[in-house]
file input.cif (mmCIF, C-alpha atoms (C1' of nucleotides))
data_data
loop_
_atom_site.group_PDB
_atom_site.id
_atom_site.type_symbol
_atom_site.label_atom_id
_atom_site.label_comp_id
_atom_site.auth_asym_id
_atom_site.auth_seq_id
_atom_site.Cartn_x
_atom_site.Cartn_y
_atom_site.Cartn_z
ATOM 1 C CA MET A 69 0.000 0.000 0.000
ATOM 2 C CA ASN A 70 1.063 3.440 -0.700
ATOM 3 C CA ASP A 71 -0.191 4.465 2.673
ATOM 4 C CA GLU A 72 2.909 2.940 4.132
ATOM 5 C CA LEU A 73 5.015 5.164 1.978
ATOM 6 C CA HIS A 74 3.032 8.147 3.135
ATOM 7 C CA GLU A 75 3.479 7.065 6.692
ATOM 8 C CA ARG A 76 7.193 6.689 6.169
ATOM 9 C CA ILE A 77 7.484 10.094 4.600
ATOM 10 C CA ARG A 78 5.525 11.619 7.428
ATOM 11 C CA ALA A 79 7.643 9.752 9.923
ATOM 12 C CA VAL A 80 10.820 11.166 8.453
ATOM 13 C CA ILE A 81 9.437 14.670 8.441
ATOM 14 C CA ALA A 82 8.186 14.252 11.966
ATOM 15 C CA ASP A 83 11.668 13.132 12.873
ATOM 16 C CA VAL A 84 13.166 16.422 11.816
ATOM 17 C CA PRO A 85 14.128 18.332 14.942
ATOM 18 C CA ALA A 86 13.132 21.940 15.477
ATOM 19 C CA GLY A 87 15.560 24.575 14.336
ATOM 20 C CA THR A 88 16.551 22.278 11.505
ATOM 21 C CA VAL A 89 15.427 21.918 7.952
ATOM 22 C CA ALA A 90 15.526 19.262 5.287
ATOM 23 C CA THR A 91 14.978 19.153 1.570
ATOM 24 C CA TYR A 92 12.346 17.199 -0.277
ATOM 25 C CA GLY A 93 15.089 15.133 -1.823
ATOM 26 C CA ASP A 94 16.471 14.266 1.582
ATOM 27 C CA VAL A 95 13.099 13.266 2.922
ATOM 28 C CA ALA A 96 12.461 11.275 -0.205
ATOM 29 C CA ALA A 97 15.744 9.447 0.123
ATOM 30 C CA LEU A 98 15.345 8.841 3.835
ATOM 31 C CA SER A 99 11.748 7.769 3.515
ATOM 32 C CA GLY A 100 12.381 5.685 0.462
ATOM 33 C CA ALA A 101 10.163 7.772 -1.762
ATOM 34 C CA PRO A 102 10.750 7.141 -5.463
ATOM 35 C CA SER A 103 10.743 10.816 -6.179
ATOM 36 C CA PRO A 104 11.010 13.995 -4.126
ATOM 37 C CA ARG A 105 7.839 15.183 -5.731
ATOM 38 C CA MET A 106 5.948 12.487 -3.907
ATOM 39 C CA VAL A 107 7.094 14.097 -0.700
ATOM 40 C CA GLY A 108 5.608 17.402 -1.718
ATOM 41 C CA ARG A 109 2.401 15.740 -2.714
ATOM 42 C CA ALA A 110 2.281 13.720 0.464
ATOM 43 C CA LEU A 111 2.600 16.935 2.418
ATOM 44 C CA ALA A 112 0.079 18.787 0.337
ATOM 45 C CA GLU A 113 -2.420 16.018 0.859
ATOM 46 C CA ASP A 114 -1.548 14.797 4.285
ATOM 47 C CA GLY A 115 1.064 17.046 5.821
ATOM 48 C CA HIS A 116 -1.287 19.104 7.915
ATOM 49 C CA ASP A 117 -0.138 17.380 11.081
ATOM 50 C CA LEU A 118 3.527 17.567 10.268
ATOM 51 C CA PRO A 119 6.218 20.226 10.574
ATOM 52 C CA TRP A 120 5.985 20.860 6.863
ATOM 53 C CA HIS A 121 7.604 24.219 7.446
ATOM 54 C CA ARG A 122 10.878 22.415 8.049
ATOM 55 C CA ILE A 123 10.852 21.018 4.555
ATOM 56 C CA LEU A 124 12.476 23.210 1.960
ATOM 57 C CA ARG A 125 13.466 22.838 -1.631
ATOM 58 C CA ALA A 126 16.918 21.901 -2.791
ATOM 59 C CA ASN A 127 17.941 25.534 -3.019
ATOM 60 C CA GLY A 128 16.621 26.460 0.407
ATOM 61 C CA THR A 129 13.397 28.061 -0.713
ATOM 62 C CA PRO A 130 10.002 26.828 0.459
ATOM 63 C CA ALA A 131 6.845 26.567 -1.572
ATOM 64 C CA PRO A 132 5.549 29.818 -3.090
ATOM 65 C CA HIS A 133 2.174 29.958 -1.395
ATOM 66 C CA LEU A 134 3.663 29.082 1.957
ATOM 67 C CA LEU A 135 6.912 30.944 1.587
ATOM 68 C CA HIS A 136 6.011 33.659 4.049
ATOM 69 C CA GLU A 137 4.302 31.327 6.474
ATOM 70 C CA GLN A 138 7.158 28.890 6.361
ATOM 71 C CA LEU A 139 9.825 31.483 6.878
ATOM 72 C CA GLU A 140 7.890 32.878 9.807
ATOM 73 C CA ARG A 141 7.649 29.491 11.450
ATOM 74 C CA LEU A 142 11.286 28.740 10.800
ATOM 75 C CA ARG A 143 12.298 32.088 12.172
ATOM 76 C CA ALA A 144 10.368 31.256 15.311
ATOM 77 C CA GLU A 145 12.524 28.163 15.654
ATOM 78 C CA GLY A 146 15.752 30.003 15.165
ATOM 79 C CA VAL A 147 16.161 29.405 11.475
ATOM 80 C CA LEU A 148 16.813 32.735 9.906
ATOM 81 C CA ALA A 149 16.272 33.207 6.206
ATOM 82 C CA ASP A 150 17.788 35.732 3.918
ATOM 83 C CA GLY A 151 14.781 37.271 2.257
ATOM 84 C CA GLN A 152 13.542 34.001 0.864
ATOM 85 C CA LYS A 153 16.392 31.568 1.025
ATOM 86 C CA VAL A 154 17.586 29.590 4.023
ATOM 87 C CA ASP A 155 21.166 28.513 4.592
ATOM 88 C CA LEU A 156 20.806 24.839 3.935
ATOM 89 C CA ARG A 157 24.447 24.125 4.650
ATOM 90 C CA LYS A 158 23.866 25.580 8.077
ATOM 91 C CA TYR A 159 20.410 24.410 9.023
ATOM 92 C CA ARG A 160 20.216 21.290 6.925
ATOM 93 C CA TRP A 161 19.131 18.360 9.019
ATOM 94 C CA ARG A 162 21.685 15.679 9.444
ATOM 95 C CA PRO A 163 20.412 12.228 10.522
ATOM 96 C CA ASP A 164 22.130 11.861 13.853
ATOM 97 C CA GLY A 165 25.182 13.586 12.561
ATOM 98 C CA ASP A 166 26.534 15.640 15.413
ATOM 99 C CA GLU A 167 29.977 15.671 14.047
ATOM 100 C CA PRO A 168 31.450 19.163 14.130
ATOM 101 C CA SER A 169 34.672 17.752 12.809
ATOM 102 C CA GLU A 170 34.192 18.890 9.305
ATOM 103 C CA ASP A 171 32.236 21.071 6.986
ATOM 104 C CA GLU A 172 33.144 24.606 7.822
ATOM 105 C CA PRO A 173 36.451 25.356 9.404
ATOM 106 C CA PRO A 174 36.395 28.932 10.663
ATOM 107 C CA GLY A 175 38.011 31.407 8.384
ATOM 108 C CA LEU A 176 38.108 29.150 5.414
ATOM 109 C CA PHE A 177 36.146 29.886 2.330
ATOM 110 C "C1'" DC B 1015 -7.277 0.719 -20.172
ATOM 111 C "C1'" DG B 1016 -4.991 4.923 -22.172
ATOM 112 C "C1'" DC B 1017 -4.323 9.766 -22.042
ATOM 113 C "C1'" DG B 1018 -3.939 14.462 -20.192
ATOM 114 C "C1'" DT B 1019 -3.321 17.273 -16.208
ATOM 115 C "C1'" DG B 1020 -1.857 18.714 -11.690
ATOM 116 C "C1'" DA B 1021 1.191 18.531 -7.512
ATOM 117 C "C1'" DC B 1022 4.827 22.155 -2.000
ATOM 118 C "C1'" DG B 1023 10.865 18.843 -7.052
ATOM 119 C "C1'" DT B 1024 15.518 18.433 -9.029
ATOM 120 C "C1'" DA B 1025 19.080 18.921 -12.204
ATOM 121 C "C1'" DT B 1026 20.836 20.705 -16.329
ATOM 122 C "C1'" DC B 1027 21.165 24.045 -20.226
ATOM 123 C "C1'" DA C 613 16.998 34.263 -14.317
ATOM 124 C "C1'" DG C 614 14.275 31.526 -17.296
ATOM 125 C "C1'" DA C 615 13.107 27.222 -19.779
ATOM 126 C "C1'" DT C 616 13.506 22.300 -20.365
ATOM 127 C "C1'" DA C 617 13.731 17.219 -19.236
ATOM 128 C "C1'" DC C 618 12.872 13.696 -16.142
ATOM 129 C "C1'" DG C 619 10.434 11.467 -12.584
ATOM 130 C "C1'" DC C 620 6.422 9.412 -9.717
ATOM 131 C "C1'" DC C 621 1.497 9.260 -8.325
ATOM 132 C "C1'" DA C 622 -3.676 10.542 -8.210
ATOM 133 C "C1'" DC C 623 -7.685 12.023 -10.597
ATOM 134 C "C1'" DG C 624 -10.981 12.697 -14.428
ATOM 135 C "C1'" DC C 625 -12.518 11.710 -18.993
#
call {"tool": "encode", "arguments": {"input": "input.cif", "output": "structure tokens"}}
result
Amino acid sequence: MNDELHERIRAVIADVPAGTVATYGDVAALSGAPSPRMVGRALAEDGHDLPWHRILRANGTPAPHLLHEQLERLRAEGVLADGQKVDLRKYRWRPDGDEPSEDEPPGLF
DNA sequence: CGCGTGACGTATC
DNA sequence: AGATACGCCACGC
């Protein structure tokens, strides 16, 4: 049943901690969705109970009709957005990856 | 059963 | 910045 897939997608989204964001592609990969678009559809149809505002696009921009709403919610959680884009490399959710041993060394780049 | 369309995408040109 | 190609699923005809 596809319901299981929906449940899995929702589970992954529900597993995203506050102050963190994830992309549709990430959720799709983690949930096993065949395509990131299914994630968006799953949310549009059944994401009313989920922190959908933590799900952004690959470039860090949320959906157009929810852009403002989403940014407001994210801001409330500590995720600041620059006009419309969010720093994915900074707020991107990492599955249990508390490993500050890489990524951005201070002063570099 | 096939086809067209929509849906909160992504990557590439 | 825009347009295009690809992908998967649900719905209506």
call {"tool": "resolve_selection", "arguments": {"input": "input.cif", "expression": "the PyMOL selection byres ((chain A) within 9 of (chain B))", "output": "list in words"}}
result
Tyr92, Gly93, Ser103, Pro104, Arg105, Met106, Val107, Gly108, Arg109, Leu111, Ala112, Ile123, Leu124, Arg125, Ala126, Pro130, Ala131, Pro132, His133 and Leu134 of chain A
call {"tool": "resolve_selection", "arguments": {"input": "input.cif", "expression": "the PyMOL selection byres ((chain A and resi 147) around 12)", "output": "compact mmCIF listing (two decimals) with C-alpha atoms, keeping the file's coordinate frame"}}
result
# COMPACT_ATOMS: atom_id res chain seq x y z
CA PRO A 85 14.13 18.33 14.94
CA ALA A 86 13.13 21.94 15.48
CA GLY A 87 15.56 24.58 14.34
CA THR A 88 16.55 22.28 11.50
CA VAL A 89 15.43 21.92 7.95
CA ALA A 90 15.53 19.26 5.29
CA HIS A 121 7.60 24.22 7.45
CA ARG A 122 10.88 22.42 8.05
CA LEU A 124 12.48 23.21 1.96
CA GLY A 128 16.62 26.46 0.41
CA GLN A 138 7.16 28.89 6.36
CA LEU A 139 9.82 31.48 6.88
CA GLU A 140 7.89 32.88 9.81
CA ARG A 141 7.65 29.49 11.45
CA LEU A 142 11.29 28.74 10.80
CA ARG A 143 12.30 32.09 12.17
CA ALA A 144 10.37 31.26 15.31
CA GLU A 145 12.52 28.16 15.65
CA GLY A 146 15.75 30.00 15.16
CA LEU A 148 16.81 32.74 9.91
CA ALA A 149 16.27 33.21 6.21
CA ASP A 150 17.79 35.73 3.92
CA GLN A 152 13.54 34.00 0.86
CA LYS A 153 16.39 31.57 1.02
CA VAL A 154 17.59 29.59 4.02
CA ASP A 155 21.17 28.51 4.59
CA LEU A 156 20.81 24.84 3.94
CA ARG A 157 24.45 24.12 4.65
CA LYS A 158 23.87 25.58 8.08
CA TYR A 159 20.41 24.41 9.02
CA ARG A 160 20.22 21.29 6.92
CA TRP A 161 19.13 18.36 9.02
call {"tool": "closest_atom_pairs", "arguments": {"input": "input.cif", "of": "chain C", "to": "chain A", "cutoff": "12 Å", "atoms": "only C-alpha atoms (C1' of nucleotides)", "output": "tab-separated table"}}
result
residue	atom	partner	partner_atom	distance
C:DC618	C1'	A:Ser103	CA	10.6
C:DG619	C1'	A:Ser103	CA	6.4
C:DC620	C1'	A:Ser103	CA	5.8
C:DC621	C1'	A:Met106	CA	7.1
C:DA622	C1'	A:Arg109	CA	9.7
call {"tool": "atom_distance", "arguments": {"input": "input.cif", "atom1": "CA of Ile81 in chain A", "atom2": "CA of Pro119 in chain A"}}
result
6.8 Å
call {"tool": "atom_distance", "arguments": {"input": "input.cif", "atom1": "C1' of DG614 in chain C", "atom2": "CA of Asp94 in chain A"}}
result
25.7 Å
call {"tool": "atom_distance", "arguments": {"input": "input.cif", "atom1": "CA of Asp117 in chain A", "atom2": "CA of Thr91 in chain A"}}
result
17.9 Å
call {"tool": "axis_aligned_box", "arguments": {"input": "input.cif", "around": "chain B", "padding_each_side": "3 Å", "output": "AutoDock Vina command-line options"}}
result
--center_x 6.9 --center_y 12.4 --center_z -12.1 --size_x 34.4 --size_y 29.3 --size_z 26.2
